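For reference, the structure discussed in these notes is given below.
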Amino acid sequence: MKIHLPNSAFLGNIDPFLRSFDTSDAEKLIITANKDWISVHPMVLTMLASLGRKVKRENIHCEKFEAKSKHYFERMGLFRFLGIESGISIKEHEAAGRFIPLTKIQNSNELHSFITDMIPILHLEPKQVEPIRYIISELVRNVFEHSESKNGAIVCAQLYKKHNVIRIGVADTGVGIKTTINKSYRADTDMEAIKLALTPGVTGTTRLPGGTPENAGMGLFFIKSMAKINKDFFVIYSGNAMYKLLRIPKDKNHIRLNSNPFEDRHSKDEDYPYWEGTIVGIDISLDRNKRIDELLEMIRKVYQKETSERKKKIFKKPRFI
Amino acid sequence: MTIEINIFNKAGNFAENKDVAKEIRITEIMPALNKGEDVVINFDKVDSATQSFMHALLSDVIRTQGIDVLDKIRFKSCNEIIQKIIRIVIDYMQQED
């Protein structure tokens, strides 16, 4: 496999980076990088770190980074993940307020600790923290429950103070969405599987409406909705397919949530190099960050509208005391 | 008789651990309901929860006992976020055929 870190690869322009990923010779990993400056989304880092976990250390060849921004990759823990000595020396200063380095999460307890420890690192207001911990919890639990990944989930995040946005990446090297979805639904392609996975009420664990006792098939729909309402990017890449929720113009006030992801403003393609597993990247703008209860109300309404036409009956209400 | 279950003590202020939710459902909620007892689920000090947590806590209770089980369950000290997540789960569990 060959992977080249370009000058820039964020969710808006990640497509050429993903297309350049050479999947031939899966036993080897060759990493090269732009010589001047490298600036990439955490999704890219999680992808690289995940590959590093699949290939034997002696088969990883990483070009010496020359870019001025090379220290960033040391700080984010990339070379540690790859098991290679970068030769880059940094003053390890506290991560507070800036980033969550690459972390492997393999079980429920590790996830709980990660989420708890992450909050003070980010130094954010509670309202800003809410969607971040929600997204990480749901994405990582998806990995535990559906991916069959031996390496768990690889997570990292970066707060960009200048743009007031937090960028999050979560990757796994499991079976991929198509295999999971096909346990209950028929998806002939990776893109069909992604579409189903983003549709509320669809889970790979059952076709039963309402899901199983532990799975409702709502997690990815919630996360995509968070990105949409905040007018941010959301990318999901699995197998040969990549779906990208595009940003809604900042001046657009009325936002409608769609249960069909293809009705959202998006780009998609299914001729990407094959990723064995799933990678998700998401941006959350902190200044546009809607209160999570507002978001939940919107989701509830779209879900109700979607289904109330199917079933005309009076619903029982929970009793709050 | 009524039993009260404190979510904060088991799941913390961000209730996201589905394994904990499942455990509460299987070891506390269902046995109490099966004995004919009422259940109060107390969310005091819980700031937020995921939909997945709430689903793991409630969906099977509703599926196995029927929607009228809500006459036996009350949700205590829920902030707006928690109330909305509970409503979402209860709504979609009533959309089953």
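Chain lettering (A, B, ...) mirrors the order of the structure tokens, residue numbering begins at 1 for each chain separately, and ligand numbering begins at 1 in order of display.
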
Which residues of chain A come within 9 Å of chain B, and for each one, what is the closest pair of atoms and their distance in Å to one decimal, counting only C-alpha atoms, sorted by chain and residue number, as CSV?
```
residue,atom,partner,partner_atom,distance
A:Ser108,CA,B:Asn17,CA,7.0
A:Asn109,CA,B:Asn17,CA,8.6
A:Leu111,CA,B:Asn17,CA,8.7
A:His112,CA,B:Asn17,CA,7.3
A:Thr116,CA,B:Phe14,CA,8.9
A:Glu130,CA,B:Ser48,CA,7.8
A:Arg133,CA,B:Phe14,CA,8.6
A:Tyr134,CA,B:Thr50,CA,6.4
A:Ser137,CA,B:Glu16,CA,6.8
A:Glu138,CA,B:Ser52,CA,7.5
A:Arg141,CA,B:Lys18,CA,8.7
A:Gly201,CA,B:Tyr92,CA,8.6
A:Leu208,CA,B:Glu96,CA,8.1
A:Pro209,CA,B:Glu96,CA,5.4
A:Gly210,CA,B:Met93,CA,5.4
A:Gly211,CA,B:Ser59,CA,8.5
A:Thr212,CA,B:Asp60,CA,7.6
A:Pro213,CA,B:Asp60,CA,4.9
A:Glu214,CA,B:Ala56,CA,4.6
A:Asn215,CA,B:Ser52,CA,6.9
A:Ala216,CA,B:His55,CA,6.8
A:Gly217,CA,B:Ser52,CA,8.8
A:Met218,CA,B:Gln51,CA,7.8
A:Gly219,CA,B:Ser52,CA,7.1
A:Phe222,CA,B:Gln51,CA,8.7
A:Ile292,CA,B:Ile81,CA,7.0
A:Asp293,CA,B:Ile81,CA,4.9
A:Glu294,CA,B:Ile81,CA,8.6
A:Leu296,CA,B:Lys84,CA,6.3
A:Glu297,CA,B:Lys84,CA,6.6
A:Ile299,CA,B:Ile88,CA,8.1
A:Arg300,CA,B:Ile88,CA,5.5
A:Lys301,CA,B:Ile88,CA,8.9
A:Tyr303,CA,B:Tyr92,CA,7.7
A:Gln304,CA,B:Asp91,CA,7.4
A:Thr307,CA,B:Gln95,CA,7.0
A:Ser308,CA,B:Gln95,CA,8.0
A:Arg310,CA,B:Gln95,CA,8.4
A:Lys311,CA,B:Gln95,CA,6.8
A:Phe315,CA,B:Gln94,CA,6.7
A:Lys316,CA,B:Ile67,CA,7.2
A:Lys317,CA,B:Arg87,CA,7.5
A:Pro318,CA,B:Leu70,CA,6.4
A:Arg319,CA,B:Arg74,CA,5.3
A:Phe320,CA,B:Phe75,CA,4.8
A:Ile321,CA,B:Lys76,CA,4.9
```

Exercise for review: as JSON, numbers by chain, please: all residues of segment 25-133 of chain A that backbone DSSP puts in strand (DSSP E).
Suggested key: {"A": [29, 30, 31, 32, 33, 39, 40, 60, 61, 62, 99, 100, 101, 102, 103, 104, 105]}

Exercise for review: Would you kindly return, as a PyMOL selection string, each protein, DNA or RNA residue with an atom no farther than 8 Å from any atom of segment 239-248 of chain A, considering only C-alpha atoms and excluding same-chain residues fewer than 6 positions away?
Suggested key: chain A and resi 12+176-178+190-191+194+224+228+231-233+264-278

From a backbone DSSP assignment, name each residue in segment 19-86 of chain B labelled helix (DSSP H, G or I), as a short mmCIF file (atom, residue, chain, number, x, y, z; two decimals) with C-alpha atoms, in the first residue's frame.
```cif
data_model
loop_
_atom_site.label_atom_id
_atom_site.label_comp_id
_atom_site.auth_asym_id
_atom_site.auth_seq_id
_atom_site.Cartn_x
_atom_site.Cartn_y
_atom_site.Cartn_z
CA ASP B 19 -23.93 -2.23 28.42
CA VAL B 20 -24.91 -0.39 31.59
CA ALA B 21 -28.34 0.40 30.12
CA LYS B 22 -28.86 -3.24 29.23
CA GLU B 23 -27.82 -4.33 32.70
CA ILE B 24 -30.29 -1.91 34.32
CA ARG B 25 -33.05 -3.10 32.02
CA ILE B 26 -32.42 -6.80 32.62
CA THR B 27 -31.62 -6.77 36.32
CA GLU B 28 -33.84 -3.98 37.61
CA ILE B 29 -36.56 -2.69 35.31
CA MET B 30 -37.86 -5.97 33.92
CA PRO B 31 -37.86 -7.92 37.22
CA ALA B 32 -39.73 -5.08 38.95
CA LEU B 33 -42.33 -4.87 36.20
CA ASN B 34 -42.68 -8.65 36.16
CA GLN B 51 -30.26 7.75 21.91
CA SER B 52 -28.48 4.38 21.90
CA PHE B 53 -28.33 4.34 25.69
CA MET B 54 -32.02 5.15 25.98
CA HIS B 55 -32.89 2.58 23.35
CA ALA B 56 -30.97 -0.11 25.23
CA LEU B 57 -32.72 0.93 28.44
CA LEU B 58 -36.30 1.11 27.19
CA SER B 59 -36.99 -0.42 23.80
CA ASP B 60 -37.16 -4.05 24.87
CA VAL B 61 -39.29 -3.16 27.88
CA ILE B 62 -41.86 -1.63 25.54
CA ARG B 63 -41.54 -4.40 22.97
CA THR B 64 -41.99 -7.24 25.43
CA GLN B 65 -44.50 -5.66 27.81
CA ILE B 67 -46.84 0.18 25.23
CA ASP B 68 -49.17 0.20 28.24
CA VAL B 69 -46.09 -0.53 30.33
CA LEU B 70 -45.62 3.26 30.29
CA ASP B 71 -48.46 3.43 32.82
CA GLU B 80 -34.83 18.83 28.32
CA ILE B 81 -32.25 16.72 26.50
CA ILE B 82 -33.15 13.59 28.42
CA GLN B 83 -36.87 14.20 27.94
CA LYS B 84 -36.42 14.58 24.20
CA ILE B 85 -34.36 11.44 23.85
CA ILE B 86 -36.92 9.47 25.85
#
```

**Study point:** Separation of atom CA of Cys156 of chain A from atom CA of Gln106 of chain A in Å
**Key:** 14.2 Å

Point to revise | Non-local contacts of Leu102 of chain A (9 Å; only C-alpha atoms; under 4 positions in same chain excluded) as a ChimeraX atom specification | key: /A:42,45-46,49,76-78,81,154-157

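Take the candidates A:Ile90, A:Ile223, A:Leu82, A:Ile3 and check each one against Leu257 of chain A using only C-alpha atoms; the shortest distance goes to A:Ile223.
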
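The spacing separating atom CA of Ser39 of chain A from atom CA of Ala9 of chain A amounts to 6.6 Å.
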
**Study point:** Non-local contacts of Ile284 of chain A (10 Å; only C-alpha atoms; under 6 positions in same chain excluded) as a PyMOL selection string
**Key:** chain A and resi 128+131-132+135+159+164-168+226-234

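Going from atom CA of Val39 of chain B to atom CA of Ile7 of chain B covers 12.5 Å.
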
Do a neighbour search on Val55 of chain A at 7 Å with only C-alpha atoms, toss out local chain neighbours closer than 6 positions, and write the hits as a PDB file with all heavy atoms, in the first residue's frame.
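Result written to part_37.pdb:
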```pdb
ATOM      1  N   GLU A  27       0.596  -6.140   2.310  1.00  0.00           N
ATOM      2  CA  GLU A  27       1.528  -6.490   3.387  1.00  0.00           C
ATOM      3  C   GLU A  27       2.501  -5.359   3.713  1.00  0.00           C
ATOM      4  O   GLU A  27       3.222  -5.410   4.702  1.00  0.00           O
ATOM      5  CB  GLU A  27       2.352  -7.738   2.991  1.00  0.00           C
ATOM      6  CG  GLU A  27       1.511  -8.964   2.664  1.00  0.00           C
ATOM      7  CD  GLU A  27       0.687  -9.435   3.852  1.00  0.00           C
ATOM      8  OE1 GLU A  27       1.240  -9.554   4.953  1.00  0.00           O
ATOM      9  OE2 GLU A  27      -0.534  -9.639   3.670  1.00  0.00           O
ATOM     10  N   LYS A  28       2.578  -4.390   2.792  1.00  0.00           N
ATOM     11  CA  LYS A  28       3.550  -3.301   2.927  1.00  0.00           C
ATOM     12  C   LYS A  28       2.842  -1.963   3.026  1.00  0.00           C
ATOM     13  O   LYS A  28       1.776  -1.784   2.434  1.00  0.00           O
ATOM     14  CB  LYS A  28       4.427  -3.247   1.664  1.00  0.00           C
ATOM     15  CG  LYS A  28       5.740  -3.942   1.765  1.00  0.00           C
ATOM     16  CD  LYS A  28       6.531  -3.571   0.524  1.00  0.00           C
ATOM     17  CE  LYS A  28       7.877  -4.247   0.501  1.00  0.00           C
ATOM     18  NZ  LYS A  28       8.558  -3.950  -0.752  1.00  0.00           N
ATOM     19  N   LEU A  29       3.458  -1.023   3.730  1.00  0.00           N
ATOM     20  CA  LEU A  29       2.895   0.333   3.772  1.00  0.00           C
ATOM     21  C   LEU A  29       4.021   1.335   3.537  1.00  0.00           C
ATOM     22  O   LEU A  29       4.996   1.386   4.290  1.00  0.00           O
ATOM     23  CB  LEU A  29       2.235   0.593   5.140  1.00  0.00           C
ATOM     24  CG  LEU A  29       1.695   2.008   5.374  1.00  0.00           C
ATOM     25  CD1 LEU A  29       0.603   2.362   4.364  1.00  0.00           C
ATOM     26  CD2 LEU A  29       1.135   2.136   6.795  1.00  0.00           C
TER      27      LEU A  29
END
```
